[in-house]
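Asker: Contents of input.cif (mmCIF, C-alpha atoms):
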data_model
#
loop_
_atom_site.label_atom_id
_atom_site.label_comp_id
_atom_site.auth_asym_id
_atom_site.auth_seq_id
_atom_site.Cartn_x
_atom_site.Cartn_y
_atom_site.Cartn_z
CA MET A 8 65.78 -168.64 -49.08
CA ASN A 9 65.78 -171.55 -46.70
CA ARG A 10 68.59 -173.78 -45.58
CA TYR A 11 67.92 -176.29 -48.31
CA ASP A 12 68.53 -173.65 -50.97
CA ASP A 13 71.77 -172.54 -49.35
CA GLN A 14 73.11 -176.07 -49.44
CA HIS A 15 72.40 -176.14 -53.14
CA ASN A 16 74.12 -172.80 -53.63
CA ASN A 17 77.31 -174.17 -52.17
CA ARG A 18 77.26 -177.38 -54.09
CA GLU A 19 76.36 -176.00 -57.51
CA GLN A 20 79.04 -175.04 -59.98
CA LYS A 21 78.04 -171.40 -60.12
CA GLY A 22 79.18 -169.21 -62.97
CA ARG A 23 80.07 -172.10 -65.23
CA PRO A 24 78.85 -171.58 -68.78
CA VAL A 25 75.76 -173.50 -69.79
CA THR A 26 76.76 -176.09 -72.36
CA ASP A 27 74.37 -177.93 -74.63
CA LEU A 28 75.18 -181.08 -72.69
CA ILE A 29 74.08 -179.59 -69.34
CA LEU A 30 70.97 -178.22 -71.01
CA PHE A 31 70.21 -181.62 -72.49
CA TRP A 32 70.83 -183.42 -69.21
CA THR A 33 68.68 -181.00 -67.17
CA PHE A 34 65.66 -181.35 -69.43
CA PHE A 35 66.21 -185.07 -69.88
CA ARG A 36 65.85 -185.30 -66.07
CA ILE A 37 62.75 -183.12 -66.13
CA GLY A 38 61.27 -185.32 -68.86
CA SER A 39 62.09 -188.48 -66.88
CA LEU A 40 60.93 -187.32 -63.47
CA THR A 41 57.53 -185.90 -64.22
CA LEU A 42 54.82 -188.48 -63.87
CA GLY A 43 51.34 -187.68 -65.07
CA GLY A 44 52.21 -184.48 -66.86
CA GLY A 45 50.37 -181.18 -66.60
CA LEU A 46 50.96 -178.82 -63.73
CA ALA A 47 52.56 -181.56 -61.64
CA MET A 48 55.60 -180.76 -63.73
CA ALA A 49 55.76 -177.20 -62.46
CA THR A 50 57.17 -178.29 -59.11
CA VAL A 51 59.87 -180.44 -60.68
CA MET A 52 60.81 -177.76 -63.19
CA ARG A 53 61.03 -175.07 -60.53
CA HIS A 54 63.28 -177.31 -58.46
CA GLU A 55 65.61 -178.05 -61.39
CA LEU A 56 65.69 -174.62 -63.04
CA VAL A 57 65.27 -172.12 -60.21
CA LEU A 58 66.65 -173.84 -57.12
CA LYS A 59 69.26 -176.23 -58.46
CA ARG A 60 70.64 -174.68 -61.65
CA GLN A 61 69.70 -171.09 -60.75
CA TRP A 62 69.20 -170.25 -64.39
CA LEU A 63 66.33 -167.94 -63.56
CA THR A 64 64.56 -166.23 -60.67
CA ASP A 65 61.15 -167.23 -59.39
CA GLU A 66 59.67 -164.20 -61.08
CA ASP A 67 61.16 -165.13 -64.46
CA PHE A 68 59.96 -168.68 -63.92
CA MET A 69 56.42 -167.44 -63.34
CA ALA A 70 56.63 -165.33 -66.52
CA GLU A 71 57.74 -168.40 -68.48
CA MET A 72 55.01 -170.53 -66.92
CA SER A 73 52.53 -167.84 -67.76
CA LEU A 74 53.44 -167.91 -71.44
CA ALA A 75 53.84 -171.70 -71.46
CA THR A 76 50.24 -172.12 -70.29
CA LEU A 77 48.96 -169.48 -72.70
CA VAL A 78 49.90 -171.49 -75.77
CA PRO A 79 48.59 -175.00 -76.38
CA GLY A 80 50.56 -178.14 -75.75
CA ALA A 81 52.41 -179.81 -72.92
CA ILE A 82 53.63 -177.30 -70.34
CA ALA A 83 56.98 -179.04 -69.81
CA VAL A 84 57.74 -178.92 -73.53
CA ASN A 85 56.80 -175.25 -73.73
CA VAL A 86 58.96 -174.30 -70.75
CA ALA A 87 61.81 -176.34 -72.24
CA TYR A 88 61.54 -174.32 -75.43
CA LEU A 89 61.51 -170.96 -73.62
CA GLN A 90 64.33 -171.87 -71.25
CA GLY A 91 66.50 -173.43 -73.95
CA ARG A 92 66.01 -170.36 -76.09
CA ARG A 93 66.90 -168.02 -73.23
CA LEU A 94 70.16 -169.85 -72.52
CA ARG A 95 71.40 -171.03 -75.90
CA GLY A 96 69.20 -169.51 -78.61
CA LYS A 97 67.18 -171.53 -81.11
CA ALA A 98 69.62 -174.46 -81.08
CA GLY A 99 69.28 -174.56 -77.29
CA ALA A 100 65.50 -174.52 -77.63
CA ALA A 101 65.64 -177.50 -79.98
CA THR A 102 68.01 -179.36 -77.62
CA ALA A 103 65.81 -178.75 -74.57
CA VAL A 104 62.59 -179.79 -76.32
CA PHE A 105 64.22 -182.91 -77.75
CA ALA A 106 65.61 -183.84 -74.31
CA THR A 107 62.24 -183.34 -72.61
CA VAL A 108 60.37 -185.56 -75.05
CA LEU A 109 63.03 -188.28 -75.42
CA PRO A 110 62.44 -190.25 -72.17
CA ALA A 111 58.68 -190.46 -72.75
CA PHE A 112 59.19 -191.35 -76.41
CA GLY A 113 61.67 -194.14 -75.64
CA LEU A 114 59.69 -195.60 -72.78
CA ILE A 115 56.38 -195.63 -74.66
CA LEU A 116 58.05 -197.30 -77.65
CA LEU A 117 59.33 -199.95 -75.28
CA ILE A 118 55.89 -200.41 -73.74
CA ALA A 119 54.20 -200.49 -77.14
CA ASN A 120 56.63 -203.23 -78.21
CA VAL A 121 56.60 -205.37 -75.09
CA ALA A 122 53.69 -204.66 -72.78
CA LEU A 123 51.11 -204.55 -75.54
CA LEU A 124 51.29 -208.31 -75.86
CA TYR A 125 50.04 -208.61 -72.30
CA PHE A 126 47.18 -206.12 -72.51
CA ASN A 127 44.73 -208.96 -73.15
CA HIS A 128 46.11 -211.17 -70.43
CA LEU A 129 43.32 -211.81 -67.91
CA TRP A 130 45.01 -210.18 -64.91
CA VAL A 131 46.48 -207.27 -66.82
CA ALA A 132 43.10 -206.56 -68.42
CA ALA A 133 41.40 -206.58 -65.00
CA PHE A 134 44.07 -204.24 -63.59
CA LEU A 135 43.78 -201.86 -66.55
CA ARG A 136 39.98 -201.87 -66.33
CA GLY A 137 40.27 -200.71 -62.72
CA CYS A 138 42.77 -198.03 -63.81
CA ALA A 139 40.46 -196.89 -66.62
CA ILE A 140 37.62 -196.35 -64.15
CA ALA A 141 39.96 -194.34 -61.94
CA VAL A 142 40.74 -192.07 -64.91
CA GLY A 143 36.99 -191.39 -65.11
CA GLY A 144 37.00 -190.45 -61.42
CA GLN A 145 40.01 -188.25 -62.05
CA LEU A 146 38.19 -186.43 -64.85
CA ALA A 147 35.24 -185.78 -62.53
CA PHE A 148 37.66 -184.54 -59.87
CA ALA A 149 39.37 -182.17 -62.34
CA GLY A 150 35.95 -180.86 -63.41
CA PHE A 151 35.05 -180.31 -59.75
CA ILE A 152 38.29 -178.45 -58.90
CA PHE A 153 38.35 -176.30 -62.05
CA GLY A 154 34.63 -175.62 -61.78
CA ARG A 155 34.95 -174.45 -58.19
CA ARG A 156 37.88 -172.23 -59.14
CA TYR A 157 36.59 -170.70 -62.36
CA LEU A 158 32.78 -170.58 -62.17
CA ARG A 159 32.80 -167.56 -59.91
CA ASN A 160 30.67 -165.14 -61.93
CA TRP A 161 27.97 -165.32 -64.57
CA GLN A 162 30.32 -164.31 -67.40
CA ASN A 163 32.50 -167.33 -66.76
CA ALA A 164 29.46 -169.60 -66.46
CA VAL A 165 28.18 -168.36 -69.85
CA VAL A 166 31.55 -168.96 -71.54
CA CYS A 167 31.75 -172.46 -70.08
CA ALA A 168 28.17 -173.20 -71.16
CA VAL A 169 28.97 -172.10 -74.72
CA GLY A 170 31.97 -174.45 -74.74
CA LEU A 171 29.73 -177.29 -73.56
CA ALA A 172 27.10 -176.45 -76.17
CA ILE A 173 29.71 -176.62 -78.94
CA VAL A 174 31.30 -179.88 -77.91
CA ALA A 175 28.33 -181.76 -76.40
CA GLY A 176 25.37 -180.14 -78.19
CA LEU A 177 26.70 -179.48 -81.69
CA GLN A 178 29.26 -182.29 -81.43
CA TRP A 179 31.87 -180.14 -83.14
CA HIS A 180 35.58 -180.77 -82.78
CA PRO A 181 36.83 -180.02 -79.22
CA VAL A 182 39.41 -177.64 -80.73
CA ALA A 183 36.52 -175.45 -81.93
CA ALA A 184 35.22 -175.18 -78.35
CA VAL A 185 38.62 -174.04 -77.02
CA LEU A 186 39.08 -171.45 -79.77
CA ALA A 187 35.52 -170.12 -79.39
CA THR A 188 35.75 -169.78 -75.61
CA GLY A 189 39.11 -168.00 -75.98
CA GLY A 190 37.49 -165.38 -78.20
CA LEU A 191 34.42 -165.13 -75.98
CA GLY A 192 36.65 -164.81 -72.92
CA TYR A 193 38.27 -161.75 -74.47
CA LEU A 194 34.82 -160.15 -74.80
CA LEU A 195 33.29 -161.22 -71.50
CA CYS A 196 35.78 -162.38 -68.90
CA LYS A 197 37.82 -160.64 -66.28
CA PRO A 198 41.55 -161.23 -66.68
CA SER A 199 42.90 -164.40 -65.06
CA GLN A 200 45.80 -164.15 -62.66
CA PRO A 201 49.00 -166.09 -63.29
CA SER A 202 48.73 -167.47 -59.75
CA ASP A 203 45.51 -169.23 -60.84
CA LEU A 204 47.66 -171.54 -62.91
CA LEU A 205 49.56 -173.20 -60.13
CA PRO A 206 48.11 -175.90 -57.94
CA GLU A 207 46.97 -174.50 -54.59
CA MET B 20 52.21 -191.84 -97.12
CA GLN B 21 48.47 -191.29 -96.81
CA ILE B 22 48.47 -192.70 -93.30
CA ALA B 23 51.48 -190.61 -92.32
CA LEU B 24 49.67 -187.44 -93.39
CA GLN B 25 46.54 -188.46 -91.48
CA LEU B 26 48.62 -189.13 -88.36
CA PHE B 27 50.28 -185.75 -88.74
CA ARG B 28 46.95 -183.96 -89.17
CA SER B 29 45.23 -185.69 -86.25
CA PHE B 30 48.03 -185.00 -83.80
CA LEU B 31 48.45 -181.46 -85.05
CA LEU B 32 44.79 -180.89 -84.09
CA ILE B 33 45.34 -182.53 -80.70
CA GLY B 34 48.40 -180.31 -80.24
CA ILE B 35 46.34 -177.20 -80.97
CA GLY B 36 43.57 -178.12 -78.52
CA ALA B 37 45.67 -179.42 -75.64
CA TYR B 38 45.66 -176.34 -73.44
CA GLY B 39 47.40 -176.90 -70.15
CA GLY B 40 48.16 -180.45 -71.25
CA GLY B 41 47.13 -183.35 -69.08
CA LEU B 42 43.51 -184.41 -68.81
CA VAL B 43 42.14 -182.09 -71.48
CA THR B 44 43.83 -184.29 -74.07
CA ILE B 45 41.40 -187.11 -73.19
CA PRO B 46 38.34 -185.68 -75.03
CA LEU B 47 40.62 -184.70 -77.93
CA ILE B 48 42.12 -188.17 -78.24
CA GLN B 49 38.71 -189.78 -77.90
CA HIS B 50 37.30 -187.55 -80.65
CA GLU B 51 40.21 -187.85 -83.09
CA ILE B 52 41.66 -191.30 -82.50
CA VAL B 53 38.69 -193.40 -81.39
CA VAL B 54 35.68 -191.76 -83.11
CA ASN B 55 37.10 -190.08 -86.23
CA GLN B 56 40.05 -192.26 -87.27
CA GLN B 57 39.24 -195.43 -85.33
CA TRP B 58 42.90 -196.22 -84.81
CA LEU B 59 42.18 -197.47 -81.30
CA THR B 60 39.13 -198.98 -79.66
CA PHE B 61 37.79 -197.20 -76.59
CA ASP B 62 39.21 -199.89 -74.30
CA GLN B 63 42.65 -199.60 -75.90
CA MET B 64 42.52 -195.83 -75.41
CA ALA B 65 41.51 -196.23 -71.77
CA SER B 66 44.44 -198.59 -71.17
CA LEU B 67 46.76 -196.18 -72.97
CA LEU B 68 45.60 -193.29 -70.77
CA ALA B 69 46.24 -195.32 -67.63
CA VAL B 70 49.72 -196.27 -68.85
CA ALA B 71 50.43 -192.69 -69.98
CA GLN B 72 49.78 -191.44 -66.46
CA MET B 73 52.04 -194.03 -64.90
CA THR B 74 54.96 -193.25 -67.21
CA PRO B 75 56.96 -190.01 -67.30
CA GLY B 76 56.15 -187.29 -69.78
CA PRO B 77 53.09 -185.35 -70.86
CA ILE B 78 49.99 -187.44 -71.66
CA ALA B 79 49.65 -185.91 -75.14
CA VAL B 80 53.23 -186.87 -76.03
CA ASN B 81 52.82 -190.39 -74.62
CA ALA B 82 49.59 -190.86 -76.55
CA ALA B 83 51.14 -189.56 -79.78
CA THR B 84 54.10 -191.93 -79.52
CA PHE B 85 51.87 -194.89 -78.73
CA VAL B 86 49.22 -194.32 -81.38
CA GLY B 87 51.82 -193.38 -84.01
CA PHE B 88 53.66 -196.63 -83.34
CA GLN B 89 50.45 -198.67 -83.50
CA VAL B 90 49.45 -197.13 -86.81
CA ASN B 91 52.77 -196.81 -88.63
CA GLY B 92 55.68 -198.20 -86.60
CA VAL B 93 58.60 -196.16 -85.30
CA MET B 94 58.23 -193.75 -88.21
CA GLY B 95 54.60 -193.16 -87.22
CA ALA B 96 55.61 -192.64 -83.59
CA ALA B 97 58.13 -189.98 -84.64
CA ILE B 98 55.64 -188.22 -86.96
CA ALA B 99 52.84 -188.14 -84.38
CA THR B 100 55.13 -186.96 -81.56
CA PHE B 101 56.54 -184.22 -83.79
CA ALA B 102 53.05 -183.15 -84.87
CA VAL B 103 51.69 -182.93 -81.33
CA ILE B 104 54.39 -180.50 -80.15
CA LEU B 105 54.62 -178.53 -83.41
CA PRO B 106 51.73 -176.04 -82.83
CA ALA B 107 53.16 -175.00 -79.45
CA ILE B 108 56.67 -174.57 -80.88
CA LEU B 109 55.46 -172.50 -83.83
CA ILE B 110 53.43 -170.19 -81.59
CA LEU B 111 56.29 -169.85 -79.10
CA LEU B 112 58.73 -169.15 -81.92
CA TRP B 113 56.55 -166.19 -82.72
CA LEU B 114 55.70 -165.06 -79.15
CA ALA B 115 58.87 -165.81 -77.15
CA PRO B 116 60.58 -162.45 -77.87
CA PHE B 117 57.65 -160.72 -76.13
CA VAL B 118 57.55 -162.98 -73.06
CA ASP B 119 57.75 -160.16 -70.52
CA ARG B 120 55.18 -157.97 -72.22
CA ILE B 121 52.74 -160.83 -72.75
CA SER B 122 52.93 -162.15 -69.22
CA HIS B 123 51.62 -158.81 -67.94
CA ASN B 124 49.03 -158.07 -70.62
CA ARG B 125 45.36 -157.81 -69.54
CA SER B 126 43.82 -158.73 -72.90
CA VAL B 127 45.91 -161.88 -72.97
CA PHE B 128 44.70 -162.78 -69.48
CA LYS B 129 41.10 -162.40 -70.64
CA ILE B 130 41.66 -164.72 -73.59
CA ARG B 131 43.37 -167.17 -71.30
CA GLN B 132 40.47 -167.07 -68.84
CA GLY B 133 38.17 -167.92 -71.73
CA ILE B 134 40.42 -170.78 -72.86
CA GLN B 135 40.53 -172.15 -69.33
CA LEU B 136 36.74 -172.16 -69.28
CA GLY B 137 36.77 -173.96 -72.63
CA VAL B 138 39.10 -176.53 -71.10
CA LEU B 139 36.68 -176.87 -68.17
CA SER B 140 33.80 -177.48 -70.58
CA LEU B 141 35.87 -180.16 -72.36
CA ILE B 142 36.68 -181.86 -69.06
CA LEU B 143 33.02 -181.80 -67.97
CA TYR B 144 32.01 -183.22 -71.33
CA ALA B 145 34.77 -185.84 -71.14
CA THR B 146 33.63 -186.91 -67.68
CA TRP B 147 30.32 -187.79 -69.30
CA SER B 148 31.48 -189.16 -72.68
CA TYR B 149 34.41 -191.11 -71.22
CA GLY B 150 32.53 -192.24 -68.12
CA ALA B 151 29.51 -193.41 -70.11
CA ILE B 152 31.69 -195.95 -71.93
CA ALA B 153 34.27 -196.80 -69.26
CA ILE B 154 31.64 -197.54 -66.65
CA LYS B 155 29.86 -200.72 -67.61
CA GLY B 156 27.92 -201.61 -64.48
CA TRP B 157 27.07 -200.80 -60.87
CA LEU B 158 30.36 -202.13 -59.57
CA ASP B 159 32.30 -199.91 -62.00
CA LEU B 160 30.23 -196.92 -60.96
CA LEU B 161 30.93 -197.65 -57.31
CA ILE B 162 34.71 -197.82 -57.94
CA GLY B 163 34.56 -194.60 -59.97
CA ILE B 164 32.66 -192.75 -57.25
CA ALA B 165 35.07 -194.08 -54.61
CA ALA B 166 38.05 -192.83 -56.68
CA PHE B 167 36.40 -189.41 -57.01
CA ALA B 168 35.58 -189.27 -53.28
CA VAL B 169 39.14 -190.19 -52.28
CA LEU B 170 40.58 -187.54 -54.61
CA VAL B 171 38.25 -184.89 -53.16
CA ALA B 172 38.89 -185.98 -49.56
CA PHE B 173 42.69 -185.85 -49.93
CA GLU B 174 42.67 -182.90 -52.29
CA GLY B 175 46.19 -181.98 -53.32
CA LYS B 176 47.81 -184.32 -50.80
CA LEU B 177 47.53 -187.46 -52.88
CA HIS B 178 49.17 -188.10 -56.21
CA PRO B 179 46.55 -189.17 -58.79
CA ILE B 180 48.77 -192.10 -59.75
CA ALA B 181 48.23 -193.59 -56.29
CA VAL B 182 44.48 -193.63 -56.90
CA ILE B 183 44.91 -195.12 -60.38
CA LEU B 184 47.14 -197.89 -59.05
CA ALA B 185 44.77 -198.57 -56.16
CA CYS B 186 41.83 -198.88 -58.56
CA GLY B 187 43.96 -201.21 -60.69
CA VAL B 188 44.49 -203.46 -57.68
CA VAL B 189 40.77 -203.33 -56.89
CA GLY B 190 40.12 -204.27 -60.52
CA LEU B 191 42.50 -207.20 -60.16
CA LEU B 192 40.51 -208.44 -57.18
CA VAL B 193 36.97 -208.00 -58.48
CA PHE B 194 36.99 -208.39 -62.27
#
Will you turn the file into structure tokens for me?
Answerer:
Amino acid sequence: MNRYDDQHNNREQKGRPVTDLILFWTFFRIGSLTLGGGLAMATVMRHELVLKRQWLTDEDFMAEMSLATLVPGAIAVNVAYLQGRRLRGKAGAATAVFATVLPAFGLILLIANVALLYFNHLWVAAFLRGCAIAVGGQLAFAGFIFGRRYLRNWQNAVVCAVGLAIVAGLQWHPVAAVLATGGLGYLLCKPSQPSDLLPE
Amino acid sequence: MQIALQLFRSFLLIGIGAYGGGLVTIPLIQHEIVVNQQWLTFDQMASLLAVAQMTPGPIAVNAATFVGFQVNGVMGAAIATFAVILPAILILLWLAPFVDRISHNRSVFKIRQGIQLGVLSLILYATWSYGAIAIKGWLDLLIGIAAFAVLVAFEGKLHPIAVILACGVVGLLVF
């Protein structure tokens, strides 16, 4: 525990029961503060849930993250479900998931209604074309990072090659590649460590 | 009604495949929304992905809301958003009571390793299939390589949004 944590300890209303409103507000903040999605959310969620609210220990948080990344879907939504359930049962789970999704839902609706009109505007189109190219660079970067981390032995290389063969060679649905590699991983791969899931 | 069911089905599939969220949804969205259903053109999807990264919330959820709204209004947005999170919720509903046992189980870690490799294969494929369409000339390729090089050079120290915004500004200047 560092000094920063201690300050939070003093300020937080410890021991107060978790109401649905606090649950809603906490996950509404998480949903609003996490740009870009994915594992970037882990840092924000740890700050809100472990350090600020102290609803769970780091170890419990890692267990939840571990399960949240094991099932498909957005990590923030999955953690919201698990945490809501832990604190307030199924109703709490529903509240937390709803609160996490709500900011994104509202904002995108707004953008779809307003900004869409400007997508074809000359300057906006040029800006978005630049952004779109950057997303391509980002994909290559993600491939580079994940490849360096996971392609450490021949078993992993084989599983990855099978995934590529399914999606690029056979042109099957990408979901088929994920399901097939999951099954093949069970047969071939060494177990992954939960620490592999967090950004280095 | 027909369109609502199609929306539901498409985003249910995206929800099943989106392991780890984030970038892996790109090949799924491209496959389902652009190629199969043709609800968006590639350029619209690329713009959507850029916007989705600059706004809060998971990319898959942002994409579901946006495409749902485009196809079938607010109702469509609600259906698609619900469908994209439904697979995860159903699986968690079933698995959550065993959270402690599962998070220490070796077989589960093996399956997960395999899934992560599947996600890697999707991202490698997406780099090609997305890049082949997004990059329309030498200038585009140069910007893309520069974005990649900057991300590698400042690995972990630079938020991807900064690179996306910077490329947007470059786009504003050159296109």
Asker: Ranking A:Phe134, A:Trp161, A:Trp179, A:Phe31 by minimum distance to chain B and counting only C-alpha atoms, which one comes first?
Answerer: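 Of A:Phe134, A:Trp161, A:Trp179, A:Phe31, the one nearest chain B, counting only C-alpha atoms, is A:Phe134.
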Asker: Which residues, named as in the file, does the PyMOL selection byres ((chain A and resi 67) around 12) pick out? Answer as a list in words.
Answerer: Arg53, Leu56, Val57, Gln61, Trp62, Leu63, Thr64, Asp65, Glu66, Phe68, Met69, Ala70, Glu71, Met72, Ser73, Leu74, Val86, Leu89, Gln90 and Arg93 of chain A; Val118, Asp119, Ser122 and His123 of chain B
Asker: Please list, as an mmCIF file with C-alpha atoms, in the coordinates of the input, the residues that have an atom at most 10 Å away from (41.7, -191.6, -71.8) in the coordinates of this file, counting only C-alpha atoms.
Answerer:
data_model
loop_
_atom_site.group_PDB
_atom_site.id
_atom_site.type_symbol
_atom_site.label_atom_id
_atom_site.label_comp_id
_atom_site.auth_asym_id
_atom_site.auth_seq_id
_atom_site.Cartn_x
_atom_site.Cartn_y
_atom_site.Cartn_z
ATOM 1 C CA ALA A 139 40.460 -196.890 -66.620
ATOM 2 C CA ILE A 140 37.620 -196.350 -64.150
ATOM 3 C CA VAL A 142 40.740 -192.070 -64.910
ATOM 4 C CA GLY A 143 36.990 -191.390 -65.110
ATOM 5 C CA LEU A 146 38.190 -186.430 -64.850
ATOM 6 C CA LEU B 42 43.510 -184.410 -68.810
ATOM 7 C CA VAL B 43 42.140 -182.090 -71.480
ATOM 8 C CA THR B 44 43.830 -184.290 -74.070
ATOM 9 C CA ILE B 45 41.400 -187.110 -73.190
ATOM 10 C CA PRO B 46 38.340 -185.680 -75.030
ATOM 11 C CA LEU B 47 40.620 -184.700 -77.930
ATOM 12 C CA ILE B 48 42.120 -188.170 -78.240
ATOM 13 C CA GLN B 49 38.710 -189.780 -77.900
ATOM 14 C CA PHE B 61 37.790 -197.200 -76.590
ATOM 15 C CA ASP B 62 39.210 -199.890 -74.300
ATOM 16 C CA GLN B 63 42.650 -199.600 -75.900
ATOM 17 C CA MET B 64 42.520 -195.830 -75.410
ATOM 18 C CA ALA B 65 41.510 -196.230 -71.770
ATOM 19 C CA SER B 66 44.440 -198.590 -71.170
ATOM 20 C CA LEU B 67 46.760 -196.180 -72.970
ATOM 21 C CA LEU B 68 45.600 -193.290 -70.770
ATOM 22 C CA ALA B 69 46.240 -195.320 -67.630
ATOM 23 C CA VAL B 70 49.720 -196.270 -68.850
ATOM 24 C CA ALA B 71 50.430 -192.690 -69.980
ATOM 25 C CA GLN B 72 49.780 -191.440 -66.460
ATOM 26 C CA ILE B 78 49.990 -187.440 -71.660
ATOM 27 C CA ALA B 82 49.590 -190.860 -76.550
ATOM 28 C CA ALA B 145 34.770 -185.840 -71.140
ATOM 29 C CA TYR B 149 34.410 -191.110 -71.220
ATOM 30 C CA GLY B 150 32.530 -192.240 -68.120
ATOM 31 C CA ALA B 153 34.270 -196.800 -69.260
#
Asker: Around the point (59.2, -181.3, -70.1), in the coordinates given by the file, pick out the residues reaching within 9 Å, counting all atoms listed in the file, and return them as JSON, numbers by chain.
Answerer: {"A": [34, 35, 36, 37, 38, 39, 41, 44, 48, 52, 81, 82, 83, 84, 85, 86, 87, 103, 104, 106, 107, 108], "B": [76, 77]}
Asker: Of the residues A:Val169, A:His54, A:Val121, A:Gly99, which is the one nearest to chain B, using all atoms listed in the file?
Answerer: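 Selected residue with least distance to chain B: A:Val169.
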Asker: Applying the PyMOL selection byres ((chain B and resi 183) around 8) to the file I just gave you, which residues come out? Please list them as a list in words.
Answerer: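 Output from the PyMOL selection byres ((chain B and resi 183) around 8), applied to this file: Gly137, Cys138, Ala139, Ala141 and Val142 of chain A; Ala69, Pro179, Ile180, Ala181, Val182, Leu184, Ala185, Cys186 and Gly187 of chain B.
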Asker: Quick one, how far is CA of Val193 in chain B from CA of Leu123 in chain A?
Answerer: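 Separating CA of Val193 in chain B from CA of Leu123 in chain A is a distance of 22.4 Å.
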Asker: So the first atom is CA of Tyr193 in chain A and the second is CA of Val80 in chain B; what is the distance between them in Å, to one decimal place?
Answerer: 29.3 Å
Asker: Run the PyMOL selection byres ((chain A and resi 26) around 12) mentally over the shown coordinates, then write out the matched residues as an MDAnalysis selection string, using the chain letters and numbers from the document.
Answerer: chainID A and resid 22:25 27:33 91 94:96 98:99 102:103
Asker: With all atoms listed in the file as the atoms that count, which of B:Ile130, B:Val103, B:Leu111, B:Leu158 lies nearest to Gly190 in chain B?
Answerer: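 Closest candidate: B:Leu158.
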Asker: Work out how far apart CA of Glu51 in chain B and CA of Phe85 in chain B are and give it in Å to one decimal.
Answerer: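 It comes out at 14.3 Å.
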Asker: Between B:Ser126, B:Thr100, B:Gln57, B:Thr74, which residue has the minimum interatomic distance to Gly34 in chain B, considering only C-alpha atoms?
Answerer: B:Thr100
Asker: Neighbouring residues of Tyr38 in chain B were defined as those with any atom within 7 Å, considering only C-alpha atoms; residues of the same chain fewer than 4 positions away were excluded. Please report them as a PyMOL selection string.
Answerer: (chain A and resi 76+78-80) or (chain B and resi 138)
Asker: Quick one: of A:Lys59, A:Arg155, A:His128, A:Arg136, who's nearest to chain B, counting only C-alpha atoms?
Answerer: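 The closest residue to chain B is A:Arg136.
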Asker: Which of these, A:Ala49, A:Cys167, A:Ile152, A:Ala132, has the shortest distance to Gly137 in chain B once you count only C-alpha atoms?
Answerer: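 Smallest separation from Gly137 in chain B among the options: A:Cys167.
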Asker: I'd like the contact shell of Met94 in chain B - 12 Å cut-off, all atoms listed in the file, skipping same-chain residues fewer than 3 positions apart - returned as a ChimeraX atom specification.
Answerer: /A:116 /B:20,22-24,26-27,83-91,97-101
Asker: What would the file look like if the residues just selected were written as a tab-separated table (two decimals), keeping the file's coordinate frame with C-alpha atoms?
Answerer:
chain	number	residue	atom	x	y	z
A	116	LEU	CA	58.05	-197.30	-77.65
B	20	MET	CA	52.21	-191.84	-97.12
B	22	ILE	CA	48.47	-192.70	-93.30
B	23	ALA	CA	51.48	-190.61	-92.32
B	24	LEU	CA	49.67	-187.44	-93.39
B	26	LEU	CA	48.62	-189.13	-88.36
B	27	PHE	CA	50.28	-185.75	-88.74
B	83	ALA	CA	51.14	-189.56	-79.78
B	84	THR	CA	54.10	-191.93	-79.52
B	85	PHE	CA	51.87	-194.89	-78.73
B	86	VAL	CA	49.22	-194.32	-81.38
B	87	GLY	CA	51.82	-193.38	-84.01
B	88	PHE	CA	53.66	-196.63	-83.34
B	89	GLN	CA	50.45	-198.67	-83.50
B	90	VAL	CA	49.45	-197.13	-86.81
B	91	ASN	CA	52.77	-196.81	-88.63
B	97	ALA	CA	58.13	-189.98	-84.64
B	98	ILE	CA	55.64	-188.22	-86.96
B	99	ALA	CA	52.84	-188.14	-84.38
B	100	THR	CA	55.13	-186.96	-81.56
B	101	PHE	CA	56.54	-184.22	-83.79
